[in-house]
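Contents: one structure, followed by commentary.
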Amino acid sequence: MAEATAEYKVIGTRPIRPDGADKVTGRAIYGGDMRLTGMLHGKVLRSPHAHARIKSIDTSKAEALPGVKAVMTVKDLPKAEARMAAAGEMPINVKYLSNNVMADEKVLYKGHAVAAVAATNVHIAEEALALIEVDYEVLPPVLHVLDAMKADAPLLHEDLKTTELGQPTETVSNIASHIQFKLGDPEAGFKEADVIVERELTTETVHQGYIEPHNATALWNEDGHLSIWTSTQGAFVVQKQTSEVLEIPVSQVTVTPCEIGGGFGGKIPVYLEPVAAVLSKKTGRPVKLIMSRTDEFEATGPTPASHMKIKMGAKNDGTIVAAEATLMFEAGAFPGSPVGAGCMCLYAPYAIPNMQVDGYDVVVNKPKTTAYRAPGAPNAAFASETVIDELAEKLGMDPLEIRRINGAKEGDRRVDGPTFPRIGYMETVHAALEHEHYATPLTGPNRGRGVASGFWFNVGFMSSVVINVNSDGTVNLVEGSTDIGGTRASIAMQAAETLGIPYADVRPSVVSTDAVGYTDVTGGSRTTFATGYAAHDAALDVMAQMKQRAAGRWTSDETPVGPEDVTYADGVFACTKDAEQKLTFKEVAALMPRTGGPITGRATVQPRGVGGAFATHIVDVEVDPDTGKVTILRYTATQDVGTAIHPSYVEGQIQGGVVQGIGWALNEEFVYRDDGSMVNSSFLDYRMPTSLDLPMIDTVLVEVPNPGHPYGVRGVGEVPIVPPLAAIANAISRATGKRMTDLPMSPGYVLSKTQNGD
Amino acid sequence: MALVFIPTMLQHLTAGTVQVQIEGRTVRDLIRNLEERFPGIREHLLQDGDFRPDLVVAIDGEQALDLSERVNDNSEVHFIPPIAGGI
């Protein structure tokens, strides 16, 4: 297992990514580039209402339009039954998945798919959509979590019964479930507190904002086999979800992942793939669908809006003695918000003896939420880290010092029970305390400095890798992990390190579901950890075979040599029984035809030892007192990254997460009219940060190797989005003297708070 | 004996007991012995003879993959929700 002092030849360097040239020259193949002979173009008709019952759909006029080859509705999908299936990061309810792909009986959000057309070009397809007649009975929508929780709220699902603390109930409501975690005795803990802070905080719905929209091309061949080309974080998950929705075997579906223009969790569910498949089956031709940006906002999965109540108590010496919280998350149209993860991450950075956290998963007439970078954790940390900051303020204590006093370490217990293994939270706090940024006084009017911390679990799941040795001593690495953020490179580097060959001698390929063993999504910050683990193990398999080949060349009756008598260092195999016998890696590769044929290493893993990740951020802001506009002056992110395999890509993940967090904090929100239609469903009006809005995001890579990985890898991609929301809120509070409790902290909000807030 | 933590959501079946020492070399043994001690708890932990899809059994912080997972005498066993991520 990894040691902090281990010296690596490849790991820790910054080579060029294998897919770099194709991506900067425009040659990389994305889903939108797909062109197949006879291909048709599909379009989806979406609901204009946020909540309505579908009384009838008449597609006859659309079908009669010249150029239209097929029209589909939910009647072309198998009637979905409520059942759980392992078809993603978490088990999913197939009925909800299918009904989100195509509305059945009711539409539950504006943009919900109700029909689809395949035509000879997109213009005819769009024209045909206008000819489809849908008769709706419009129902009142419910758009906010607190409204949806009321006993007399309009019901989205007449059969949704609340699961109360794990128990099914007969209560039909929009509250899908109420969960609770408890540690110690919070009531007794609060009695020990000298200072108690209570706050209610809110966040709005925000989108991942990946630049490439969802797309899918499907060909349902005459032999019954379905081929799909798509932009996805996980080809095997698309295969499984599509097979569940269409009720066909997974062996009947091949999914080829194209290059992906961002996902951040949003490209795990299927939306278009089953639709393209059905249209292809009906026409006998390949069909391609691409979402518009408005489709993306209105009909894919954002991250939830939330309403949170927080109460924390501390002694005068800064020791936090008790904490409570109630998190209410909007799931969107179907149950399944990340409120559970939010509850578990909320207080994870701290060793608090008495805690209780309640969570509510609530359906509303908005798109079904899905994962977004550490799902649930940024909302939660916005709440808890804001209150901890206020505790420090009331105690007259440095905000990093209160985190240092209470910080979680190995052996401390999370609110959900398990104790932490070796973690690096305290190292991130110390790195922040000792950073030049924190030591430099912030001067000038209307300026404030904020800090905040965050935690994300990371996951392991399953991965497969095959390594084929070429006769020239290079290797081809075959993997099933969609490349996000340079994972081809980070996985190839681990293979190169294990094989003792240059990084340039490893050529990685991301292949279809037919060409590699099952591999879970590029998500949960798992890919460099788990697929890298598989690459390491596959490389060990190669090395074992190469030692066998070398031994076979050297063995004789007089001096029998086995693989155990072969050493390998610096690219050279050597015989321990005869110092004269040496073969380089390339020589053993060249000898393959005479030593037993091709060498292929393989590994499948489902690794334990996932290392959780912590981060602590510092931000300086300036608030315009006249407009409320917030300018980020300086930003420093410290993070426990385990071993940084490719430091540039680790830094990139941190910078990307921070920037998304800044957007979430200051600008981004889904703005709805009362009828449930979204006002700002374009990048013109949904304001994401650009480079002109941002300073350099400085990163500090704190390397606390994960003992559960051969090279000490921890996932790094998600936790950097967790602290920015609260860090910026705390900075604004310091600048203005007013607590910021609602996101986004747009100019109007900040102005109203500074003029009227507490 | 392993130390089993009863989640809040199942404590109505254990009369409020939060932690309990239970014999068992495997998760299957543990759940059987838990059921003897707290009748009715098994159906909240298992479904169709396997773990419920909305529950993760963690032994010393690591997810148990099936009922045959080994449990040590000093192990901690938790029942927690599954986790998913986004990048």
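All residue names refer to the structure tokens as shown: chains lettered A, B, ... in order, residues numbered from 1 in each chain, ligands numbered from 1 in order.
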
Interface, chain B side, toward chain A (8 Å; only C-alpha atoms) as a ChimeraX atom specification: /B:5,7-10,44,53-54,58,60-63,76,78,80-87

Residues near segment 399-402 of chain A, cut-off 10 Å, only C-alpha atoms, skip fewer than 3 positions along chain, as a compact mmCIF listing (two decimals) with N, CA and C atoms, in the first residue's frame:
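Okay, selection-v8.txt is ready:
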```txt
# COMPACT_ATOMS: atom_id res chain seq x y z
N ALA A 314 -22.05 25.67 21.20
CA ALA A 314 -20.63 25.51 21.55
C ALA A 314 -20.36 26.10 22.93
N ASP A 317 -15.02 27.88 25.03
CA ASP A 317 -13.68 27.57 24.50
C ASP A 317 -13.73 27.12 23.04
N GLY A 318 -14.91 27.15 22.44
CA GLY A 318 -15.04 26.81 21.03
C GLY A 318 -15.45 25.38 20.76
N THR A 319 -15.52 24.55 21.78
CA THR A 319 -15.90 23.16 21.57
C THR A 319 -17.38 23.07 21.20
N ILE A 320 -17.66 22.48 20.06
CA ILE A 320 -19.05 22.29 19.65
C ILE A 320 -19.60 21.08 20.38
N TYR A 350 -16.58 17.52 11.45
CA TYR A 350 -16.43 17.83 12.86
C TYR A 350 -16.74 16.63 13.76
N GLU A 385 -21.85 25.29 7.54
CA GLU A 385 -20.63 26.10 7.59
C GLU A 385 -20.94 27.58 7.84
N ILE A 388 -21.54 27.58 11.69
CA ILE A 388 -20.27 27.46 12.42
C ILE A 388 -19.52 28.80 12.38
N ASP A 389 -19.58 29.45 11.24
CA ASP A 389 -18.93 30.75 11.13
C ASP A 389 -19.54 31.75 12.11
N GLU A 390 -20.84 31.70 12.24
CA GLU A 390 -21.51 32.62 13.17
C GLU A 390 -21.18 32.26 14.62
N LEU A 391 -21.06 30.96 14.89
CA LEU A 391 -20.63 30.54 16.23
C LEU A 391 -19.27 31.15 16.55
N ALA A 392 -18.34 31.04 15.60
CA ALA A 392 -17.00 31.58 15.81
C ALA A 392 -17.06 33.08 16.05
N GLU A 393 -17.90 33.74 15.26
CA GLU A 393 -18.04 35.19 15.39
C GLU A 393 -18.54 35.56 16.79
N LEU A 395 -18.27 33.86 19.46
CA LEU A 395 -17.28 33.50 20.48
C LEU A 395 -16.02 34.35 20.37
N GLY A 396 -15.96 35.22 19.38
CA GLY A 396 -14.76 36.03 19.16
C GLY A 396 -13.58 35.20 18.75
N ILE A 405 -10.20 23.26 16.26
CA ILE A 405 -10.55 22.70 17.58
C ILE A 405 -11.49 21.50 17.44
N ASN A 406 -12.40 21.58 16.50
CA ASN A 406 -13.45 20.56 16.41
C ASN A 406 -13.27 19.59 15.25
N GLY A 407 -12.19 19.70 14.51
CA GLY A 407 -12.02 18.94 13.27
C GLY A 407 -11.99 17.43 13.49
N VAL A 429 -7.08 22.12 7.09
CA VAL A 429 -7.25 23.31 7.95
C VAL A 429 -5.90 23.94 8.25
N HIS A 430 -4.92 23.09 8.57
CA HIS A 430 -3.58 23.63 8.85
C HIS A 430 -3.00 24.30 7.60
N ALA A 432 -4.62 25.77 5.31
CA ALA A 432 -5.28 27.07 5.16
C ALA A 432 -4.75 28.07 6.18
N LEU A 433 -4.60 27.62 7.44
CA LEU A 433 -4.10 28.51 8.48
C LEU A 433 -2.71 29.03 8.15
N TYR A 438 -4.10 33.54 3.94
CA TYR A 438 -4.76 33.77 5.22
C TYR A 438 -3.95 34.72 6.11
N GLY A 450 -13.88 35.00 3.95
CA GLY A 450 -14.65 33.88 4.49
C GLY A 450 -13.91 32.58 4.31
N VAL A 451 -14.22 31.64 5.18
CA VAL A 451 -13.66 30.30 5.05
C VAL A 451 -14.81 29.31 5.21
N ALA A 452 -14.59 28.12 4.69
CA ALA A 452 -15.55 27.04 4.91
C ALA A 452 -14.87 25.73 4.54
N SER A 453 -15.40 24.65 5.10
CA SER A 453 -14.87 23.31 4.83
C SER A 453 -15.96 22.45 4.22
N THR A 616 -10.83 22.70 2.54
CA THR A 616 -11.05 23.95 3.27
C THR A 616 -10.66 25.10 2.36
N HIS A 617 -11.57 26.04 2.20
CA HIS A 617 -11.37 27.13 1.24
C HIS A 617 -11.33 28.49 1.95
N ILE A 618 -10.59 29.41 1.31
CA ILE A 618 -10.50 30.81 1.78
C ILE A 618 -10.90 31.70 0.61
N ASN A 730 -19.98 33.56 3.99
CA ASN A 730 -19.29 34.04 5.19
C ASN A 730 -18.46 35.29 4.88
```

Exercise: Glu187 of chain A partners within 10 Å, only C-alpha atoms, chain neighbours under 4 positions left out, as a PyMOL selection string: chain A and resi 191-192+322-324+354-356

Interatomic distance (Å, one decimal) between atom CA of Ala726 of chain A and atom CA of Gly652 of chain A: 21.1 Å

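With only C-alpha atoms taken into account, the protein and nucleic acid residues at most 6 Å from Val465 of chain A (excluding it and anything under 2 positions from it in its own chain) are A:Val478, A:Glu479, A:Ala534, A:Ala535, A:Arg602, A:Ala603.
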
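Considering the residues B:Glu35, B:Leu30, B:Ile22, B:Ile59 and counting only C-alpha atoms, Met1 of chain B has its shortest atom-to-atom contact with B:Ile22.
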
Within 12 Å of Asp626 of chain A using only C-alpha atoms, minus same-chain residues under 2 positions, as a PyMOL selection string: chain A and resi 446+622-624+628-630+747-748+750-752+754-755

With C-alpha atoms retained, write the just-selected residues as a PDB file, in the first residue's frame.
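Final output, out_26.pdb:
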```
ATOM      1  CA  ASN A 446     -16.713  46.638   1.878  1.00  0.00           C
ATOM      2  CA  GLU A 622     -15.744  42.991  -2.181  1.00  0.00           C
ATOM      3  CA  VAL A 623     -19.380  44.041  -2.069  1.00  0.00           C
ATOM      4  CA  ASP A 624     -20.562  47.079  -3.997  1.00  0.00           C
ATOM      5  CA  GLY A 628     -24.978  44.591  -4.028  1.00  0.00           C
ATOM      6  CA  LYS A 629     -22.720  43.054  -6.658  1.00  0.00           C
ATOM      7  CA  VAL A 630     -20.088  40.732  -5.196  1.00  0.00           C
ATOM      8  CA  PRO A 747     -26.913  41.768  -6.280  1.00  0.00           C
ATOM      9  CA  GLY A 748     -30.581  42.288  -5.487  1.00  0.00           C
ATOM     10  CA  VAL A 750     -27.346  41.178  -1.132  1.00  0.00           C
ATOM     11  CA  LEU A 751     -28.697  44.703  -1.369  1.00  0.00           C
ATOM     12  CA  SER A 752     -31.947  43.753   0.327  1.00  0.00           C
ATOM     13  CA  THR A 754     -27.659  44.823   3.683  1.00  0.00           C
ATOM     14  CA  GLN A 755     -30.537  47.255   3.851  1.00  0.00           C
TER      15      GLN A 755
END
```

Contacts of Val363 of chain A within 6 Å, only C-alpha atoms, excl. fewer than 4 positions in-chain, as a list in words: Asn174, Glu330, Ala331, Gly332, Ala333, Phe334 and Pro335 of chain A

Val68 of chain A surroundings by only C-alpha atoms, 9 Å radius, close-in-sequence under 2 positions cut, as a count of residues only: 15

Strand (DSSP E) per DSSP on the backbone: members of segment 329-483 of chain A, as number ranges by chain: A: 329-332, 355-363, 447-456, 463-469, 475-479

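Nearest to Leu13 of chain B of all the residues B:Arg37, B:Val71, B:Phe79, B:Asp48 is B:Arg37, counting only C-alpha atoms.
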
Looking only at the backbone, which of the residues in segment 207-251 of chain A does DSSP tag as helix (DSSP H, G or I), as a JSON list (two decimals) with C-alpha atoms, in the first residue's frame?
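So out29.json came out as:
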```
[["chain", "number", "residue", "atom", "x", "y", "z"],
["A", 235, "ALA", "CA", -22.06, 3.17, -21.02],
["A", 236, "PHE", "CA", -23.03, 0.16, -18.93],
["A", 237, "VAL", "CA", -25.55, 2.22, -17.01],
["A", 238, "VAL", "CA", -27.15, 3.38, -20.26],
["A", 239, "GLN", "CA", -27.23, -0.24, -21.37],
["A", 240, "LYS", "CA", -28.92, -1.35, -18.16],
["A", 241, "GLN", "CA", -31.38, 1.55, -17.89],
["A", 242, "THR", "CA", -32.38, 1.24, -21.53],
["A", 243, "SER", "CA", -32.88, -2.49, -21.19],
["A", 244, "GLU", "CA", -35.05, -1.93, -18.11],
["A", 245, "VAL", "CA", -37.23, 0.71, -19.78],
["A", 246, "LEU", "CA", -37.61, -1.32, -22.99],
["A", 250, "VAL", "CA", -28.81, -6.25, -21.63],
["A", 251, "SER", "CA", -27.14, -8.62, -24.08]]
```
